[in-house]
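Engineer: Pasting a structure here, questions to come.
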Amino acid sequence: MSHSTLNRYHLEDDDVLVYLHIPKTAGTSFVHILKQHFEENKIMQQPFMTLPKVDAESLAGYDLISGHFTYDILKFISRPHFIITMLRHPIDRVLSYYGFVREMPKNPVHEYANEFPFDQFIDLPHKAIRWHVYNQMTAMLSNITMWDEPPTEDDLQLAKQNLQEMAFVGVTEFFDESVRLLNYTFHWHDNASQIPRHNITRNRQQRAQVAPNVLERLAKYNQLDLELHQFAVGLFRQRYQQMVDELMIADQIYTHGYQQVVEQLQQANKHNKEQKRWFDIRFRQLEESTMDVEVPLQKFNLMQEQSTEDFVKNKIRLDEEDVLVFIHIPKTAGSSFIQVLQENFEHIANLPPISMIESQADLEALSGGSRILVGHVTNCIERYLPKKPLYITMLRHPVERTISAYYHTQRDEDNLFHQLACKQDLENFLKNQQVRNYYENLMARHIAADYPWQELSQHVDIIKQRIEQMPFVGITEYFEQSILLLHHRFGWQYHDHLPKLNIGNTPSRNQFPQHVIDAILEMNQVDLEIYHFAKQRFMLNYQQMLFDLFTTEHPSSATDAIIHALRIIYRQLVPLRARLFLRNLRTGNLSAG
């Protein structure tokens, strides 16, 4: 499964939650939180590596399975399952392990830990010590047990893939934030303010107390784990930020929309105390609910038709002489977007790149009289039209767009850079000057093609102004929501399916070293700025759409409109408890590096 956006889950009766507990990653505290959501007799907690004693029959009756297992545990689970884990910086994890076994007389290496100082302990040839000290996270997350050979680079890649497919990945350094993301992922009550701390090693050495040469040696022993931890932090940050984005929009709906609607209903029902009382009770129930119910499309379309005059003025009505131009920026889900347009118009003209259009006659011949023009065109197309068209487009984070474009180039044999992309990795591919000339700030260049691309940084305000003037700008990462907003703005009927075309198997940004991501950002600074600007504008427009749906024409149906419009929020992604979650979120960004 893909995690470019945050997936969320409702655990059904037949589902199993499997926690792969890597030692000394705050797992005991984490298990205490998990156990609050399961019946005691449905929990199997295995504190030691006893996989050989486990079989399918012994696991069949449990809904939560937790232990120091590797991925091998999955072959004994036949029911639908979700896998979760926590990772920790490997040096801190080993330091904690050393302090822990010194305090545990029953531990098989307790005597060694008390006899040898840390710098000697980590080099002892004991099997259990080497298992805990040398790349243990990579080993456990790639099916290696303590009786196997040490993990390799291939095992690291497998561990990364396994992490990416997990329902939840937490990071010990961001424990509170991890718990919040866990609760949000599984629609659980946010209990982050009452997080327990169990099994804490009291006399653990800190990194600052360890000699630099010992830390260097330990880093060498955990080279794979260091890379895996960095990958996990990137994956966690991405999912956490996605959660915050979703909750921020939900909070805007509550804080800006709710009070205004309540005031309107109170005014409309000031002589009907019973209806007002029913509304207050019903909405309170919704706030306290964790259910996410999909909006019936008939209700959405009905609310479109029942809109007030204020609502209508926010819409765009295409006149007969209007021309709608979709600026299709490569690798922004444009092919899927065009399919949506085709569902609303009989005739759409797919145009070649603007460089192949040299006159109004060329454009008329290519368009065949269609008023809907789509293609890898720029704003320069208006020089060949009798009146300025209405532009719409989709934007995508430049890092994801660049990565997707690179892998698409590898698959497209007709692409100018196909051979180069097949021979070089992404880092070296982007160092080619011809490639940079094409890839650099590609989104901004489509919107401001009448300016030299080398001077785009001087015209950012003009590009933002053009984005503001567009009746619609969607965001690829919010494709479903973008399509809903598109239909709202143009008053089209929403269809109950979303096409996904021209999608390739593209790795996420977390699979690339940070210096490669930095190189992409460096060459796309203008694109990054306009992307964030457009994303903020999109969120405000989406919020306005939901508020528009609150304010239906007939007061008697306003309550239903509110109930259903709230459920539109991110189409089953955002729970109605969003305001309570946000109240507990201390910050929208992670507080540690």
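Letters A, B, ... mark the chains of the structure tokens in the order given; residue numbers begin at 1 per chain; ligand numbers begin at 1, in order shown.
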DSSP on the backbone: what in stretch 54-122 of chain A comes out strand (DSSP E), as a PyMOL selection string?
Structural biologist: chain A and resi 64-67+81-87
Engineer: Since we have the selection now, will you write its residues out, keeping C-alpha atoms, as a PDB file, in the first residue's frame?
Structural biologist:
ATOM      1  CA  LEU A  64      -3.399  -7.797  19.948  1.00  0.00           C
ATOM      2  CA  ILE A  65      -0.127  -9.668  19.536  1.00  0.00           C
ATOM      3  CA  SER A  66       2.949  -7.989  20.971  1.00  0.00           C
ATOM      4  CA  GLY A  67       6.480  -9.260  21.379  1.00  0.00           C
ATOM      5  CA  HIS A  81      -3.727  -7.929  10.345  1.00  0.00           C
ATOM      6  CA  PHE A  82      -2.118  -4.524  10.750  1.00  0.00           C
ATOM      7  CA  ILE A  83       1.548  -4.235  11.707  1.00  0.00           C
ATOM      8  CA  ILE A  84       3.030  -1.454  13.829  1.00  0.00           C
ATOM      9  CA  THR A  85       6.406  -0.773  15.424  1.00  0.00           C
ATOM     10  CA  MET A  86       8.603   1.835  17.136  1.00  0.00           C
ATOM     11  CA  LEU A  87      12.212   2.698  16.258  1.00  0.00           C
TER      12      LEU A  87
END
Engineer: Would you mind listing what lies within 7 Å of stretch 398-411 of chain A as a list in words, with only C-alpha atoms counted and same-chain residues fewer than 2 positions away left out?
Structural biologist: Lys331, Thr332, Arg396, Glu413, Asn415, Phe417, His418, Ala421, Cys422, Leu426, Gly504, Thr506, Arg509, Ile517, Ile520, Leu521, Asn524, Asp527 and Leu528 of chain A
Engineer: Now that the selection is made, can you save its residues with all heavy atoms as a compact mmCIF listing (two decimals), in the first residue's frame?
Structural biologist:
# COMPACT_ATOMS: atom_id res chain seq x y z
N LYS A 331 3.25 15.11 -14.33
CA LYS A 331 3.33 14.36 -13.08
C LYS A 331 2.67 15.09 -11.91
O LYS A 331 3.21 15.15 -10.80
CB LYS A 331 4.77 14.00 -12.75
CG LYS A 331 5.52 13.28 -13.86
CD LYS A 331 4.69 12.18 -14.52
CE LYS A 331 4.34 11.06 -13.57
NZ LYS A 331 3.43 10.05 -14.23
N THR A 332 1.48 15.63 -12.18
CA THR A 332 0.66 16.22 -11.11
C THR A 332 -0.72 15.59 -11.09
O THR A 332 -1.69 16.22 -10.67
CB THR A 332 0.53 17.74 -11.30
OG1 THR A 332 -0.07 18.00 -12.58
CG2 THR A 332 1.88 18.44 -11.19
N ARG A 396 1.80 20.09 -7.40
CA ARG A 396 2.28 18.99 -6.55
C ARG A 396 3.58 19.41 -5.88
O ARG A 396 4.33 20.23 -6.42
CB ARG A 396 2.50 17.74 -7.42
CG ARG A 396 2.88 16.47 -6.65
CD ARG A 396 3.05 15.32 -7.63
NE ARG A 396 3.29 14.05 -6.95
CZ ARG A 396 3.48 12.89 -7.57
NH1 ARG A 396 3.46 12.84 -8.90
NH2 ARG A 396 3.70 11.79 -6.87
N GLU A 413 9.98 5.39 -23.31
CA GLU A 413 11.06 5.26 -24.28
C GLU A 413 11.14 6.43 -25.25
O GLU A 413 12.18 6.64 -25.89
CB GLU A 413 10.91 3.95 -25.05
CG GLU A 413 11.05 2.71 -24.16
CD GLU A 413 10.92 1.43 -24.95
OE1 GLU A 413 10.72 1.51 -26.19
OE2 GLU A 413 11.02 0.34 -24.35
N ASN A 415 10.79 9.55 -24.38
CA ASN A 415 11.23 10.75 -23.67
C ASN A 415 12.66 11.11 -24.07
O ASN A 415 13.51 10.23 -24.25
CB ASN A 415 11.15 10.53 -22.16
CG ASN A 415 11.34 11.82 -21.37
OD1 ASN A 415 12.45 12.33 -21.27
ND2 ASN A 415 10.25 12.32 -20.82
N PHE A 417 15.03 12.27 -22.39
CA PHE A 417 16.04 11.90 -21.41
C PHE A 417 15.94 10.43 -20.99
O PHE A 417 16.49 10.04 -19.96
CB PHE A 417 15.92 12.78 -20.17
CG PHE A 417 16.03 14.26 -20.46
CD1 PHE A 417 14.94 15.09 -20.24
CD2 PHE A 417 17.20 14.80 -20.96
CE1 PHE A 417 15.03 16.45 -20.50
CE2 PHE A 417 17.29 16.15 -21.23
CZ PHE A 417 16.20 16.98 -21.01
N HIS A 418 15.23 9.62 -21.76
CA HIS A 418 14.99 8.22 -21.37
C HIS A 418 16.29 7.45 -21.15
O HIS A 418 16.48 6.81 -20.10
CB HIS A 418 14.14 7.53 -22.44
CG HIS A 418 14.02 6.05 -22.23
ND1 HIS A 418 13.32 5.49 -21.18
CD2 HIS A 418 14.54 4.99 -22.94
CE1 HIS A 418 13.39 4.18 -21.25
NE2 HIS A 418 14.13 3.85 -22.30
N ALA A 421 18.17 8.61 -18.04
CA ALA A 421 17.51 8.22 -16.78
C ALA A 421 17.72 6.74 -16.49
O ALA A 421 17.80 6.34 -15.32
CB ALA A 421 16.02 8.55 -16.85
N CYS A 422 17.81 5.92 -17.54
CA CYS A 422 18.02 4.48 -17.34
C CYS A 422 19.45 4.18 -16.90
O CYS A 422 19.70 3.17 -16.23
CB CYS A 422 17.71 3.72 -18.63
SG CYS A 422 15.95 3.71 -19.05
N LEU A 426 19.01 9.04 -9.64
CA LEU A 426 18.36 10.35 -9.62
C LEU A 426 19.35 11.46 -9.33
O LEU A 426 19.31 12.54 -9.95
CB LEU A 426 17.24 10.35 -8.58
CG LEU A 426 16.49 11.67 -8.39
CD1 LEU A 426 15.85 12.14 -9.70
CD2 LEU A 426 15.43 11.54 -7.29
N GLY A 504 2.69 5.25 -11.94
CA GLY A 504 3.80 4.32 -11.96
C GLY A 504 4.19 3.90 -10.56
O GLY A 504 3.71 4.46 -9.56
N THR A 506 6.41 4.39 -8.05
CA THR A 506 7.42 5.40 -7.74
C THR A 506 7.80 5.34 -6.26
O THR A 506 6.92 5.40 -5.40
CB THR A 506 6.89 6.80 -8.07
OG1 THR A 506 6.53 6.84 -9.45
CG2 THR A 506 7.95 7.85 -7.80
N ARG A 509 9.87 9.85 -1.16
CA ARG A 509 11.05 10.67 -0.88
C ARG A 509 11.88 10.09 0.26
O ARG A 509 13.08 10.34 0.35
CB ARG A 509 10.62 12.10 -0.55
CG ARG A 509 9.80 12.21 0.73
CD ARG A 509 9.21 13.58 0.91
NE ARG A 509 10.23 14.60 1.06
CZ ARG A 509 9.98 15.90 1.08
NH1 ARG A 509 8.73 16.34 0.92
NH2 ARG A 509 10.93 16.78 1.25
N ILE A 517 17.32 15.05 -1.68
CA ILE A 517 16.11 15.86 -1.48
C ILE A 517 16.48 17.34 -1.46
O ILE A 517 15.80 18.18 -2.07
CB ILE A 517 15.40 15.47 -0.17
CG1 ILE A 517 15.06 13.97 -0.18
CG2 ILE A 517 14.16 16.31 0.04
CD1 ILE A 517 14.18 13.53 -1.31
N ILE A 520 17.04 18.67 -4.94
CA ILE A 520 15.78 18.92 -5.65
C ILE A 520 15.16 20.22 -5.18
O ILE A 520 14.68 21.03 -5.98
CB ILE A 520 14.81 17.74 -5.44
CG1 ILE A 520 15.38 16.46 -6.04
CG2 ILE A 520 13.45 18.05 -6.06
CD1 ILE A 520 14.55 15.22 -5.77
N LEU A 521 15.17 20.43 -3.88
CA LEU A 521 14.59 21.67 -3.34
C LEU A 521 15.36 22.90 -3.81
O LEU A 521 14.78 23.94 -4.11
CB LEU A 521 14.58 21.60 -1.81
CG LEU A 521 13.61 20.59 -1.20
CD1 LEU A 521 13.81 20.50 0.30
CD2 LEU A 521 12.16 20.96 -1.51
N ASN A 524 14.33 23.99 -7.14
CA ASN A 524 12.89 24.25 -7.28
C ASN A 524 12.38 25.20 -6.19
O ASN A 524 11.27 25.03 -5.69
CB ASN A 524 12.11 22.93 -7.21
CG ASN A 524 12.27 22.09 -8.45
OD1 ASN A 524 11.66 22.36 -9.48
ND2 ASN A 524 13.10 21.06 -8.35
N ASP A 527 9.15 26.93 -7.25
CA ASP A 527 8.06 25.96 -7.24
C ASP A 527 7.61 25.65 -5.82
O ASP A 527 6.41 25.50 -5.55
CB ASP A 527 8.49 24.67 -7.93
CG ASP A 527 8.17 24.67 -9.42
OD1 ASP A 527 7.79 25.75 -9.94
OD2 ASP A 527 8.30 23.62 -10.07
N LEU A 528 8.56 25.52 -4.90
CA LEU A 528 8.20 25.21 -3.52
C LEU A 528 7.38 26.34 -2.91
O LEU A 528 6.38 26.11 -2.22
CB LEU A 528 9.47 24.97 -2.70
CG LEU A 528 9.24 24.51 -1.25
CD1 LEU A 528 8.57 23.14 -1.21
CD2 LEU A 528 10.57 24.47 -0.49
Engineer: Env of stretch 473-475 of chain A: 12 Å cut, atoms = only C-alpha atoms, seq-sep filter 4 positions within chain, self excluded. Answer as a short mmCIF file (atom, residue, chain, number, x, y, z; two decimals) with C-alpha atoms, in the first residue's frame.
Structural biologist:
data_model
loop_
_atom_site.label_atom_id
_atom_site.label_comp_id
_atom_site.auth_asym_id
_atom_site.auth_seq_id
_atom_site.Cartn_x
_atom_site.Cartn_y
_atom_site.Cartn_z
CA VAL A 325 -7.76 25.77 -20.33
CA PHE A 326 -6.30 23.05 -18.12
CA ILE A 327 -2.55 23.67 -17.80
CA HIS A 328 -1.36 20.09 -17.45
CA ILE A 329 1.93 20.22 -15.57
CA LYS A 331 3.33 14.36 -13.08
CA THR A 332 0.66 16.22 -11.11
CA ALA A 333 -2.11 13.62 -11.67
CA GLY A 334 -3.11 15.50 -14.81
CA PHE A 337 -7.81 15.02 -13.86
CA LEU A 390 -10.16 30.62 -17.65
CA TYR A 391 -7.08 28.73 -16.47
CA ILE A 392 -7.16 25.79 -14.10
CA THR A 393 -4.28 23.55 -13.03
CA MET A 394 -2.97 21.03 -10.50
CA LEU A 395 0.19 21.54 -8.42
CA ARG A 396 2.28 18.99 -6.55
CA HIS A 397 5.10 19.18 -4.03
CA PRO A 398 8.22 19.67 -6.20
CA ARG A 401 6.82 15.69 -8.68
CA ILE A 447 2.14 29.54 -15.10
CA LYS A 464 1.05 34.02 -6.98
CA ARG A 466 -2.01 34.52 -11.38
CA ILE A 467 -2.74 31.54 -9.12
CA GLU A 468 -5.19 33.68 -7.17
CA GLN A 469 -6.94 34.67 -10.38
CA PHE A 479 -6.66 14.69 -5.27
CA GLU A 480 -10.08 13.50 -4.06
CA GLN A 481 -10.69 16.75 -2.23
CA SER A 482 -9.53 18.71 -5.28
CA ILE A 483 -12.06 16.96 -7.49
CA LEU A 484 -14.83 17.66 -4.97
CA LEU A 485 -13.86 21.35 -4.93
CA LEU A 486 -13.68 21.41 -8.75
CA HIS A 487 -17.26 20.18 -9.04
CA ARG A 489 -16.78 25.65 -8.12
CA ILE A 530 4.14 28.77 -5.04
CA TYR A 531 3.17 25.22 -4.05
CA HIS A 532 2.82 26.21 -0.39
CA PHE A 533 0.95 29.36 -1.41
CA ALA A 534 -1.45 27.37 -3.61
CA LYS A 535 -1.90 24.71 -0.94
CA GLN A 536 -2.89 27.29 1.66
CA ARG A 537 -5.31 28.88 -0.82
CA PHE A 538 -6.73 25.45 -1.62
CA MET A 539 -7.38 24.73 2.06
CA LEU A 540 -9.21 28.02 2.49
CA ASN A 541 -11.31 27.36 -0.61
CA TYR A 542 -12.10 23.86 0.61
#
Engineer: Identify which of the residues A:Asp155, A:Glu364, A:Glu39, A:Asp461 lies closest to A:Ala444, counting only C-alpha atoms when measuring atom-to-atom distances.
Structural biologist: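 Closest residue, counting only C-alpha atoms: A:Asp461.
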Engineer: Can you pull out every residue from stretch 362-512 of chain A that DSSP, working from the backbone, puts in helix (DSSP H, G or I), and format the result as number ranges by chain?
Structural biologist: A: 362-367, 379-384, 398-411, 418-423, 426-429, 433-439, 442-447, 453-469, 476-490, 509-511
Engineer: How far is it from atom CA of A:Val133 to atom CA of A:Leu163, in Å with one decimal?
Structural biologist: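 Taking atom CA of A:Val133 as the start and atom CA of A:Leu163 as the end point, the length is 20.7 Å.
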Engineer: Find, counting only C-alpha atoms, the residue in A:His229, A:Asn162, A:Phe174, A:Ile91 that gets nearest to A:Gln206.
Structural biologist: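 Using only C-alpha atoms, A:Gln206 sits closest to A:Ile91.
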Engineer: Could you pull the residues within 10 Å of stretch 140-150 of chain A, counting only C-alpha atoms, minus those fewer than 5 positions along the same chain, as a PyMOL selection string?
Structural biologist: chain A and resi 20-22+49+51+68-74+85+127-132+134-135+155-163+228
Engineer: For the selection you just gave me, I'd like the residues written to a file as a short mmCIF file (atom, residue, chain, number, x, y, z; two decimals), in the first residue's frame, keeping C-alpha atoms.
Structural biologist:
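Contents of the output file selection-v5.cif:
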data_model
loop_
_atom_site.label_atom_id
_atom_site.label_comp_id
_atom_site.auth_asym_id
_atom_site.auth_seq_id
_atom_site.Cartn_x
_atom_site.Cartn_y
_atom_site.Cartn_z
CA LEU A 20 6.81 -5.80 16.55
CA HIS A 21 8.47 -4.69 19.78
CA ILE A 22 12.11 -3.80 19.18
CA MET A 49 12.30 -13.94 21.47
CA LEU A 51 9.29 -17.47 18.07
CA HIS A 68 10.14 -9.13 20.40
CA PHE A 69 9.30 -10.84 17.13
CA THR A 70 10.72 -10.49 13.66
CA TYR A 71 8.56 -10.46 10.56
CA ASP A 72 8.45 -14.28 10.73
CA ILE A 73 5.55 -13.92 13.16
CA LEU A 74 3.28 -13.04 10.22
CA THR A 85 6.41 -0.77 15.42
CA LYS A 127 25.65 -14.13 20.73
CA ALA A 128 22.98 -12.25 22.67
CA ILE A 129 25.15 -9.16 23.05
CA ARG A 130 25.97 -9.02 19.37
CA TRP A 131 22.27 -9.47 18.53
CA HIS A 132 21.34 -6.42 20.59
CA TYR A 134 24.75 -4.83 15.88
CA ASN A 135 21.96 -3.50 13.59
CA ASP A 155 18.07 -6.64 4.33
CA LEU A 156 18.09 -2.89 4.94
CA GLN A 157 16.11 -2.29 1.76
CA LEU A 158 13.62 -4.98 2.77
CA ALA A 159 13.28 -3.40 6.23
CA LYS A 160 12.54 -0.02 4.63
CA GLN A 161 9.91 -1.58 2.41
CA ASN A 162 8.32 -3.32 5.39
CA LEU A 163 8.23 -0.05 7.32
CA LEU A 228 16.92 2.78 8.78
#
Engineer: Using only C-alpha atoms, which residue out of A:Asn213, A:Asp225, A:Val169, A:Asp63 lies closest to A:Arg93?
Structural biologist: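 Among the listed residues, A:Asp225 lies closest to A:Arg93.
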Engineer: Can you list, as a ChimeraX atom specification, every protein, DNA or RNA residue that comes within 10 Å of A:Leu363 when you count only C-alpha atoms, leaving out same-chain residues fewer than 4 positions away?
Structural biologist: /A:349,351-352,354,356-359,367-369,373,381,384-385
Engineer: I need the chosen residues saved as a PDB file, in the first residue's frame, with N, CA and C atoms.
Structural biologist:
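Printed below is again03.pdb as written:
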ATOM      1  N   ALA A 349     -10.415  19.109 -26.250  1.00  0.00           N
ATOM      2  CA  ALA A 349      -9.285  19.132 -27.183  1.00  0.00           C
ATOM      3  C   ALA A 349      -7.991  18.912 -26.427  1.00  0.00           C
ATOM      4  N   LEU A 351      -4.265  19.202 -26.559  1.00  0.00           N
ATOM      5  CA  LEU A 351      -3.329  19.988 -27.352  1.00  0.00           C
ATOM      6  C   LEU A 351      -1.900  19.489 -27.193  1.00  0.00           C
ATOM      7  N   PRO A 352      -1.069  19.708 -28.220  1.00  0.00           N
ATOM      8  CA  PRO A 352       0.365  19.417 -28.095  1.00  0.00           C
ATOM      9  C   PRO A 352       1.030  20.510 -27.265  1.00  0.00           C
ATOM     10  N   ILE A 354       2.891  23.860 -26.193  1.00  0.00           N
ATOM     11  CA  ILE A 354       2.667  25.195 -26.751  1.00  0.00           C
ATOM     12  C   ILE A 354       3.689  25.538 -27.831  1.00  0.00           C
ATOM     13  N   MET A 356       4.507  23.888 -30.272  1.00  0.00           N
ATOM     14  CA  MET A 356       4.072  23.380 -31.566  1.00  0.00           C
ATOM     15  C   MET A 356       2.882  24.167 -32.119  1.00  0.00           C
ATOM     16  N   ILE A 357       2.437  25.176 -31.377  1.00  0.00           N
ATOM     17  CA  ILE A 357       1.318  26.012 -31.830  1.00  0.00           C
ATOM     18  C   ILE A 357       1.879  27.385 -32.185  1.00  0.00           C
ATOM     19  N   GLU A 358       1.727  27.789 -33.438  1.00  0.00           N
ATOM     20  CA  GLU A 358       2.381  29.011 -33.899  1.00  0.00           C
ATOM     21  C   GLU A 358       1.401  30.100 -34.317  1.00  0.00           C
ATOM     22  N   SER A 359       0.113  29.800 -34.369  1.00  0.00           N
ATOM     23  CA  SER A 359      -0.840  30.809 -34.816  1.00  0.00           C
ATOM     24  C   SER A 359      -2.238  30.465 -34.326  1.00  0.00           C
ATOM     25  N   SER A 367      -8.064  22.472 -31.891  1.00  0.00           N
ATOM     26  CA  SER A 367      -9.139  22.426 -30.900  1.00  0.00           C
ATOM     27  C   SER A 367     -10.450  21.934 -31.484  1.00  0.00           C
ATOM     28  N   GLY A 368     -10.633  22.105 -32.803  1.00  0.00           N
ATOM     29  CA  GLY A 368     -11.884  21.672 -33.420  1.00  0.00           C
ATOM     30  C   GLY A 368     -13.101  22.376 -32.871  1.00  0.00           C
ATOM     31  N   GLY A 369     -12.898  23.585 -32.380  1.00  0.00           N
ATOM     32  CA  GLY A 369     -14.022  24.359 -31.854  1.00  0.00           C
ATOM     33  C   GLY A 369     -14.372  24.075 -30.413  1.00  0.00           C
ATOM     34  N   LEU A 373      -9.837  23.093 -23.398  1.00  0.00           N
ATOM     35  CA  LEU A 373      -8.524  22.782 -23.936  1.00  0.00           C
ATOM     36  C   LEU A 373      -7.636  22.249 -22.816  1.00  0.00           C
ATOM     37  N   ILE A 381      -0.736  30.465 -24.343  1.00  0.00           N
ATOM     38  CA  ILE A 381      -1.759  30.057 -25.296  1.00  0.00           C
ATOM     39  C   ILE A 381      -2.788  31.157 -25.532  1.00  0.00           C
ATOM     40  N   TYR A 384      -3.291  33.246 -28.770  1.00  0.00           N
ATOM     41  CA  TYR A 384      -3.954  32.693 -29.948  1.00  0.00           C
ATOM     42  C   TYR A 384      -5.461  32.567 -29.754  1.00  0.00           C
ATOM     43  N   LEU A 385      -5.979  33.147 -28.670  1.00  0.00           N
ATOM     44  CA  LEU A 385      -7.419  33.074 -28.387  1.00  0.00           C
ATOM     45  C   LEU A 385      -8.048  34.450 -28.486  1.00  0.00           C
TER      46      LEU A 385
END
Engineer: Have a look at A:Ile77, A:His89, A:Phe100, A:Trp188 and name the one nearest to A:Gln36; count only C-alpha atoms.
Structural biologist: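 The closest residue to A:Gln36 is A:Trp188.
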